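> The following file, query-v2.cif, comprises mmCIF, C-alpha atoms:
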```cif
data_entry
loop_
_atom_site.label_atom_id
_atom_site.label_comp_id
_atom_site.auth_asym_id
_atom_site.auth_seq_id
_atom_site.Cartn_x
_atom_site.Cartn_y
_atom_site.Cartn_z
CA MET A 1003 0.00 0.00 0.00
CA HIS A 1004 1.12 3.58 -0.45
CA VAL A 1005 0.09 7.20 -0.16
CA GLY A 1006 1.83 10.03 -1.91
CA LEU A 1007 1.92 13.65 -2.96
CA ARG A 1008 3.28 15.59 -5.89
CA ILE A 1009 2.87 19.23 -4.91
CA THR A 1010 4.41 22.59 -5.71
CA LEU A 1011 5.63 24.59 -2.71
CA ASP A 1012 6.15 28.34 -2.72
CA ALA A 1013 9.71 28.22 -1.38
CA PRO A 1014 13.15 27.68 -2.90
CA VAL A 1015 14.45 24.14 -2.97
CA ASP A 1016 17.18 24.77 -0.35
CA ALA A 1017 14.59 26.13 2.10
CA VAL A 1018 12.33 23.10 1.52
CA ARG A 1019 15.22 20.67 2.00
CA ASP A 1020 16.14 22.45 5.23
CA ALA A 1021 12.52 22.39 6.46
CA LEU A 1022 12.27 18.64 5.85
CA LEU A 1023 15.15 18.16 8.30
CA SER A 1024 13.17 19.87 11.06
CA PRO A 1025 11.29 17.78 13.63
CA ALA A 1026 9.04 20.82 14.17
CA VAL A 1027 7.91 20.62 10.54
CA MET A 1028 7.16 16.88 10.85
CA VAL A 1029 4.99 17.63 13.89
CA ALA A 1030 3.29 20.65 12.26
CA VAL A 1031 2.22 18.89 9.06
CA THR A 1032 0.53 15.89 10.72
CA LYS A 1033 -1.09 17.49 13.76
CA PRO A 1034 -3.92 17.07 14.85
CA PHE A 1035 -4.39 13.72 13.08
CA LEU A 1036 -1.08 12.30 14.33
CA VAL A 1037 0.70 13.91 17.24
CA TYR A 1038 4.39 13.00 17.48
CA ARG A 1039 6.44 13.20 20.66
CA SER A 1040 10.10 12.47 21.22
CA ARG A 1041 11.01 9.48 23.38
CA ASP A 1042 14.44 10.98 24.05
CA PRO A 1043 14.70 12.57 27.53
CA ASN A 1044 16.15 15.69 25.87
CA GLY A 1045 13.24 15.99 23.44
CA PHE A 1046 13.46 16.47 19.71
CA PRO A 1047 16.78 17.61 18.25
CA ALA A 1048 16.84 20.97 16.47
CA ARG A 1049 17.49 19.09 13.19
CA TRP A 1050 17.32 15.45 12.15
CA VAL A 1051 20.85 14.14 11.70
CA PRO A 1052 21.29 11.48 9.01
CA GLY A 1053 22.51 8.21 10.49
CA GLN A 1054 21.44 9.14 14.04
CA PRO A 1055 18.10 7.41 14.77
CA HIS A 1056 15.72 9.29 17.04
CA PRO A 1057 12.94 7.50 18.98
CA ILE A 1058 9.43 8.90 18.73
CA THR A 1059 5.90 7.95 19.68
CA ALA A 1060 2.65 8.94 18.02
CA SER A 1061 -0.97 9.15 18.98
CA ALA A 1062 -4.06 9.72 16.87
CA PHE A 1063 -5.54 13.11 17.76
CA GLY A 1064 -3.12 13.18 20.70
CA VAL A 1065 -5.12 10.62 22.66
CA VAL A 1066 -5.19 7.20 20.91
CA PRO A 1067 -1.72 5.58 21.07
CA SER A 1068 -0.36 4.49 17.68
CA GLY A 1069 2.93 3.08 18.96
CA ASP A 1070 6.61 3.83 18.88
CA THR A 1071 8.94 4.19 15.94
CA HIS A 1072 12.11 6.09 15.12
CA VAL A 1073 13.29 8.55 12.51
CA ASP A 1074 16.48 7.41 10.79
CA LEU A 1075 17.32 9.46 7.70
CA ASP A 1076 19.52 8.93 4.68
CA LEU A 1077 20.18 11.75 2.23
CA TYR A 1078 21.19 10.90 -1.32
CA ASP A 1079 20.68 11.96 -4.94
CA VAL A 1080 18.94 10.13 -7.76
CA GLN A 1081 20.03 11.54 -11.13
CA GLY A 1082 20.82 14.86 -9.47
CA VAL A 1083 17.56 15.05 -7.49
CA PRO A 1084 18.01 15.18 -3.69
CA VAL A 1085 16.08 12.50 -1.81
CA GLN A 1086 15.47 12.16 1.91
CA ARG A 1087 14.57 8.62 2.98
CA ASP A 1088 13.40 7.66 6.46
CA ASN A 1089 14.60 4.14 7.27
CA GLY A 1090 12.92 4.19 10.67
CA GLY A 1091 10.62 1.40 11.63
CA GLY A 1092 7.92 0.66 14.14
CA THR A 1093 8.88 -0.87 17.45
CA SER A 1094 5.54 -1.15 19.25
CA GLY A 1095 1.79 -0.76 18.92
CA LEU A 1096 0.28 -0.22 15.49
CA PHE A 1097 3.63 1.02 14.18
CA GLY A 1098 5.15 -2.28 15.31
CA ARG A 1099 2.88 -4.05 12.82
CA MET A 1100 4.03 -1.80 9.98
CA THR A 1101 7.00 -2.00 7.64
CA MET A 1102 7.42 1.33 5.91
CA GLN A 1103 9.60 3.36 3.60
CA HIS A 1104 9.12 7.13 3.43
CA ARG A 1105 10.88 9.10 0.70
CA MET A 1106 10.72 12.78 -0.15
CA ALA A 1107 12.37 14.23 -3.25
CA THR A 1108 12.75 17.95 -3.96
CA VAL A 1109 13.05 19.41 -7.45
CA ASP A 1110 14.00 23.04 -8.11
CA LEU A 1111 11.42 24.48 -10.52
CA GLY A 1112 13.74 27.38 -11.38
CA ASP A 1113 11.30 30.11 -10.35
CA GLY A 1114 11.76 30.10 -6.57
CA ARG A 1115 9.31 27.22 -6.12
CA THR A 1116 9.93 23.54 -5.39
CA LEU A 1117 8.25 20.35 -6.54
CA LEU A 1118 7.93 17.94 -3.60
CA VAL A 1119 7.35 14.27 -4.32
CA ASP A 1120 6.42 12.58 -1.04
CA ARG A 1121 5.66 8.84 -0.90
CA LEU A 1122 5.03 6.49 1.99
CA SER A 1123 4.95 2.79 1.10
CA TYR A 1124 3.85 0.46 3.85
CA ARG A 1125 2.84 -3.11 4.67
CA MET A 1126 0.86 -4.19 7.68
CA ARG A 1127 0.63 -7.47 9.55
CA PRO A 1128 -2.03 -8.71 8.98
CA ALA A 1129 -2.36 -7.31 5.45
CA VAL A 1130 -6.07 -6.55 5.86
CA LEU A 1131 -5.10 -3.99 8.51
CA GLY A 1132 -3.22 -2.01 5.84
CA VAL A 1133 -6.33 -1.92 3.68
CA LEU A 1134 -8.45 -0.75 6.62
CA LEU A 1135 -5.94 1.98 7.52
CA TRP A 1136 -5.48 3.29 3.97
CA PRO A 1137 -8.42 5.79 3.98
CA GLY A 1138 -7.06 7.39 7.16
CA MET A 1139 -3.55 7.47 5.72
CA TRP A 1140 -4.91 9.17 2.59
CA VAL A 1141 -6.63 11.84 4.71
CA ILE A 1142 -3.41 12.45 6.68
CA TRP A 1143 -1.43 12.80 3.43
CA GLN A 1144 -3.92 15.31 2.06
CA TRP A 1145 -3.59 17.25 5.32
CA ARG A 1146 0.22 17.12 4.94
CA ALA A 1147 -0.15 18.68 1.48
CA LEU A 1148 -2.36 21.47 2.78
CA ARG A 1149 -0.10 22.21 5.75
CA MET A 1150 3.09 22.14 3.65
CA ARG A 1151 1.57 24.59 1.18
CA GLN A 1152 0.57 26.86 4.07
CA LEU A 1153 3.97 26.69 5.80
CA ALA A 1154 6.28 26.82 2.76
CA PRO A 1155 6.26 30.63 2.35
CA GLU A 1156 7.57 30.91 5.94
CA TRP A 1157 10.49 28.65 5.00
CA ARG A 1158 11.76 31.38 2.64
CA ARG A 1159 12.87 33.44 5.63
CA PRO A 1160 16.43 32.84 6.83
CA ARG A 1161 16.65 30.83 10.02
CA ARG A 1162 17.91 32.72 13.05
CA ALA A 1163 20.99 31.42 14.77
CA ALA A 1164 20.37 30.08 18.29
CA ALA A 1165 21.38 32.55 21.02
#
```
Turn the structure described in the file into structure tokens.

Amino acid sequence: MHVGLRITLDAPVDAVRDALLSPAVMVAVTKPFLVYRSRDPNGFPARWVPGQPHPITASAFGVVPSGDTHVDLDLYDVQGVPVQRDNGGGTSGLFGRMTMQHRMATVDLGDGRTLLVDRLSYRMRPAVLGVLLWPGMWVIWQWRALRMRQLAPEWRRPRRAAA
């Protein structure tokens, strides 16, 4: 099963790539449907660091536990197109029944905007659970598209250095 997006964002490609490395953006584009929290005692890092897995938990609408997983990114290029792949996997709850691969590619459209191709492929155990979850996943992905379009213009602004 999979859900995906192919959307144009009103921000330059470098700003979009930077935003995709922000835990705050991950939280902002799925809330209120999925609410993510860090399992690390220090909370979320300022940025995701490729090769450094980070434990998280999620709950539907902030109240129904969905289980634990972790974010574990790889950054690479495919024919000159930057791709961010999350290799994280579920460790408990509903996420523990899921095998997933999440990839996001960013393409510079040459006019200050970015094409984002965002695809989550997943399998559930038992398989019928994946079919039952798909409508909810589709809704969440449509929400992600809406939220990313809303937030992207803010990503144009330079980030302030931490004091």
> Restricting the calculation to all atoms listed in the file: of A:Val1018, A:Val1029, A:Leu1075, A:Leu1148, which residue gets closest to A:Ser1061?
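With all atoms listed in the file as the atom set, the closest residue is A:Val1029.
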> With the file shown as input, list the residues that the PyMOL selection byres ((chain A and resi 1153) around 9) selects, as an MDAnalysis selection string.
chainID A and resid 1011:1012 1027 1030:1031 1148:1152 1154:1157
> Take the PyMOL selection byres ((chain A and resi 1084) around 6), run it mentally on this structure, and tell me the resulting residues as an NGL selection string.
:A and (1078-1079 or 1083 or 1085 or 1107-1108)
> Around (18.9, 22.3, 10.6) in the file's frame, which residues reach within 10 Å when counting all atoms listed in the file? Return as number ranges by chain?
A: 1019-1025, 1047-1051, 1161
> State, in Å with one decimal place, the distance from atom CA of A:Ser1123 to atom CA of A:Gly1045.
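Between atom CA of A:Ser1123 and atom CA of A:Gly1045 the gap works out to 27.2 Å.
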> Given the file above and the PyMOL selection byres ((chain A and resi 1063-1074) around 12), which residues are selected, and can you give them as a ChimeraX atom specification?
/A:1023-1025,1028-1029,1032-1042,1046-1047,1049-1062,1075-1077,1086-1105,1135,1142
> So what do you get for atom CA of A:Val1109 versus atom CA of A:Thr1010, distance-wise?
9.4 Å
> Quick check, in Å to one decimal: how far apart do atom CA of A:Gly1006 and atom CA of A:Asp1110 lie?
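Atom CA of A:Gly1006 sits 18.9 Å away from atom CA of A:Asp1110.
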> Missing atoms in stretch 1055-1091 of chain A: fill them in up to N, CA and C atoms and send the result as a PDB file, keeping the file's coordinate frame.

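Done, and the output landed in selection38.pdb:
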```
ATOM      1  N   PRO A1055      19.528   7.685  14.524  1.00  0.00           N
ATOM      2  CA  PRO A1055      18.100   7.410  14.770  1.00  0.00           C
ATOM      3  C   PRO A1055      17.595   8.153  16.011  1.00  0.00           C
ATOM      4  N   HIS A1056      16.339   8.590  15.929  1.00  0.00           N
ATOM      5  CA  HIS A1056      15.720   9.290  17.040  1.00  0.00           C
ATOM      6  C   HIS A1056      14.379   8.630  17.361  1.00  0.00           C
ATOM      7  N   PRO A1057      14.187   8.176  18.610  1.00  0.00           N
ATOM      8  CA  PRO A1057      12.940   7.500  18.980  1.00  0.00           C
ATOM      9  C   PRO A1057      11.777   8.464  19.154  1.00  0.00           C
ATOM     10  N   ILE A1058      10.624   8.084  18.597  1.00  0.00           N
ATOM     11  CA  ILE A1058       9.430   8.900  18.730  1.00  0.00           C
ATOM     12  C   ILE A1058       8.232   8.002  19.027  1.00  0.00           C
ATOM     13  N   THR A1059       7.175   8.622  19.490  1.00  0.00           N
ATOM     14  CA  THR A1059       5.900   7.950  19.680  1.00  0.00           C
ATOM     15  C   THR A1059       4.839   8.815  19.017  1.00  0.00           C
ATOM     16  N   ALA A1060       3.727   8.192  18.668  1.00  0.00           N
ATOM     17  CA  ALA A1060       2.650   8.940  18.020  1.00  0.00           C
ATOM     18  C   ALA A1060       1.317   8.520  18.612  1.00  0.00           C
ATOM     19  N   SER A1061       0.393   9.456  18.561  1.00  0.00           N
ATOM     20  CA  SER A1061      -0.970   9.150  18.980  1.00  0.00           C
ATOM     21  C   SER A1061      -1.939   9.833  18.018  1.00  0.00           C
ATOM     22  N   ALA A1062      -3.028   9.144  17.721  1.00  0.00           N
ATOM     23  CA  ALA A1062      -4.060   9.720  16.870  1.00  0.00           C
ATOM     24  C   ALA A1062      -4.809  10.777  17.671  1.00  0.00           C
ATOM     25  N   PHE A1063      -4.880  11.971  17.116  1.00  0.00           N
ATOM     26  CA  PHE A1063      -5.540  13.110  17.760  1.00  0.00           C
ATOM     27  C   PHE A1063      -4.987  13.387  19.158  1.00  0.00           C
ATOM     28  N   GLY A1064      -3.768  12.924  19.420  1.00  0.00           N
ATOM     29  CA  GLY A1064      -3.120  13.180  20.700  1.00  0.00           C
ATOM     30  C   GLY A1064      -3.625  12.328  21.841  1.00  0.00           C
ATOM     31  N   VAL A1065      -4.551  11.406  21.568  1.00  0.00           N
ATOM     32  CA  VAL A1065      -5.120  10.620  22.660  1.00  0.00           C
ATOM     33  C   VAL A1065      -5.111   9.103  22.431  1.00  0.00           C
ATOM     34  N   VAL A1066      -5.160   8.636  21.192  1.00  0.00           N
ATOM     35  CA  VAL A1066      -5.190   7.200  20.910  1.00  0.00           C
ATOM     36  C   VAL A1066      -3.783   6.755  20.512  1.00  0.00           C
ATOM     37  N   PRO A1067      -3.096   5.985  21.371  1.00  0.00           N
ATOM     38  CA  PRO A1067      -1.720   5.580  21.070  1.00  0.00           C
ATOM     39  C   PRO A1067      -1.612   4.801  19.754  1.00  0.00           C
ATOM     40  N   SER A1068      -0.625   5.181  18.945  1.00  0.00           N
ATOM     41  CA  SER A1068      -0.360   4.490  17.680  1.00  0.00           C
ATOM     42  C   SER A1068       0.910   3.663  17.751  1.00  0.00           C
ATOM     43  N   GLY A1069       1.717   3.868  18.794  1.00  0.00           N
ATOM     44  CA  GLY A1069       2.930   3.080  18.960  1.00  0.00           C
ATOM     45  C   GLY A1069       4.184   3.914  18.840  1.00  0.00           C
ATOM     46  N   ASP A1070       5.286   3.207  18.949  1.00  0.00           N
ATOM     47  CA  ASP A1070       6.610   3.830  18.880  1.00  0.00           C
ATOM     48  C   ASP A1070       7.287   3.475  17.568  1.00  0.00           C
ATOM     49  N   THR A1071       8.138   4.379  17.140  1.00  0.00           N
ATOM     50  CA  THR A1071       8.940   4.190  15.940  1.00  0.00           C
ATOM     51  C   THR A1071      10.195   5.028  16.112  1.00  0.00           C
ATOM     52  N   HIS A1072      10.962   5.196  15.070  1.00  0.00           N
ATOM     53  CA  HIS A1072      12.110   6.090  15.120  1.00  0.00           C
ATOM     54  C   HIS A1072      12.346   6.695  13.745  1.00  0.00           C
ATOM     55  N   VAL A1073      12.904   7.884  13.744  1.00  0.00           N
ATOM     56  CA  VAL A1073      13.290   8.550  12.510  1.00  0.00           C
ATOM     57  C   VAL A1073      14.766   8.267  12.299  1.00  0.00           C
ATOM     58  N   ASP A1074      15.102   7.764  11.123  1.00  0.00           N
ATOM     59  CA  ASP A1074      16.480   7.410  10.790  1.00  0.00           C
ATOM     60  C   ASP A1074      16.708   7.751   9.319  1.00  0.00           C
ATOM     61  N   LEU A1075      17.248   8.941   9.061  1.00  0.00           N
ATOM     62  CA  LEU A1075      17.320   9.460   7.700  1.00  0.00           C
ATOM     63  C   LEU A1075      18.599   9.110   6.960  1.00  0.00           C
ATOM     64  N   ASP A1076      18.429   8.970   5.658  1.00  0.00           N
ATOM     65  CA  ASP A1076      19.520   8.930   4.680  1.00  0.00           C
ATOM     66  C   ASP A1076      19.239  10.057   3.701  1.00  0.00           C
ATOM     67  N   LEU A1077      20.284  10.741   3.278  1.00  0.00           N
ATOM     68  CA  LEU A1077      20.180  11.750   2.230  1.00  0.00           C
ATOM     69  C   LEU A1077      21.025  11.293   1.062  1.00  0.00           C
ATOM     70  N   TYR A1078      20.453  11.312  -0.137  1.00  0.00           N
ATOM     71  CA  TYR A1078      21.190  10.900  -1.320  1.00  0.00           C
ATOM     72  C   TYR A1078      20.557  11.544  -2.548  1.00  0.00           C
ATOM     73  N   ASP A1079      21.195  11.413  -3.689  1.00  0.00           N
ATOM     74  CA  ASP A1079      20.680  11.960  -4.940  1.00  0.00           C
ATOM     75  C   ASP A1079      20.328  10.823  -5.892  1.00  0.00           C
ATOM     76  N   VAL A1080      19.291  11.038  -6.676  1.00  0.00           N
ATOM     77  CA  VAL A1080      18.940  10.130  -7.760  1.00  0.00           C
ATOM     78  C   VAL A1080      18.917  10.983  -9.024  1.00  0.00           C
ATOM     79  N   GLN A1081      19.883  10.769  -9.898  1.00  0.00           N
ATOM     80  CA  GLN A1081      20.030  11.540 -11.130  1.00  0.00           C
ATOM     81  C   GLN A1081      19.984  13.041 -10.858  1.00  0.00           C
ATOM     82  N   GLY A1082      20.706  13.456  -9.815  1.00  0.00           N
ATOM     83  CA  GLY A1082      20.820  14.860  -9.470  1.00  0.00           C
ATOM     84  C   GLY A1082      19.677  15.430  -8.636  1.00  0.00           C
ATOM     85  N   VAL A1083      18.697  14.601  -8.307  1.00  0.00           N
ATOM     86  CA  VAL A1083      17.560  15.050  -7.490  1.00  0.00           C
ATOM     87  C   VAL A1083      17.781  14.610  -6.051  1.00  0.00           C
ATOM     88  N   PRO A1084      17.824  15.552  -5.098  1.00  0.00           N
ATOM     89  CA  PRO A1084      18.010  15.180  -3.690  1.00  0.00           C
ATOM     90  C   PRO A1084      16.806  14.411  -3.141  1.00  0.00           C
ATOM     91  N   VAL A1085      17.112  13.343  -2.422  1.00  0.00           N
ATOM     92  CA  VAL A1085      16.080  12.500  -1.810  1.00  0.00           C
ATOM     93  C   VAL A1085      16.402  12.351  -0.328  1.00  0.00           C
ATOM     94  N   GLN A1086      15.365  12.432   0.473  1.00  0.00           N
ATOM     95  CA  GLN A1086      15.470  12.160   1.910  1.00  0.00           C
ATOM     96  C   GLN A1086      14.634  10.905   2.164  1.00  0.00           C
ATOM     97  N   ARG A1087      15.278   9.880   2.700  1.00  0.00           N
ATOM     98  CA  ARG A1087      14.570   8.620   2.980  1.00  0.00           C
ATOM     99  C   ARG A1087      14.624   8.348   4.473  1.00  0.00           C
ATOM    100  N   ASP A1088      13.470   8.046   5.049  1.00  0.00           N
ATOM    101  CA  ASP A1088      13.400   7.660   6.460  1.00  0.00           C
ATOM    102  C   ASP A1088      13.406   6.140   6.511  1.00  0.00           C
ATOM    103  N   ASN A1089      14.446   5.589   7.127  1.00  0.00           N
ATOM    104  CA  ASN A1089      14.600   4.140   7.270  1.00  0.00           C
ATOM    105  C   ASN A1089      14.049   3.651   8.599  1.00  0.00           C
ATOM    106  N   GLY A1090      13.449   4.549   9.359  1.00  0.00           N
ATOM    107  CA  GLY A1090      12.920   4.190  10.670  1.00  0.00           C
ATOM    108  C   GLY A1090      11.845   3.128  10.554  1.00  0.00           C
ATOM    109  N   GLY A1091      11.638   2.436  11.629  1.00  0.00           N
ATOM    110  CA  GLY A1091      10.620   1.400  11.630  1.00  0.00           C
ATOM    111  C   GLY A1091       9.913   1.347  12.962  1.00  0.00           C
TER     112      GLY A1091
END
```
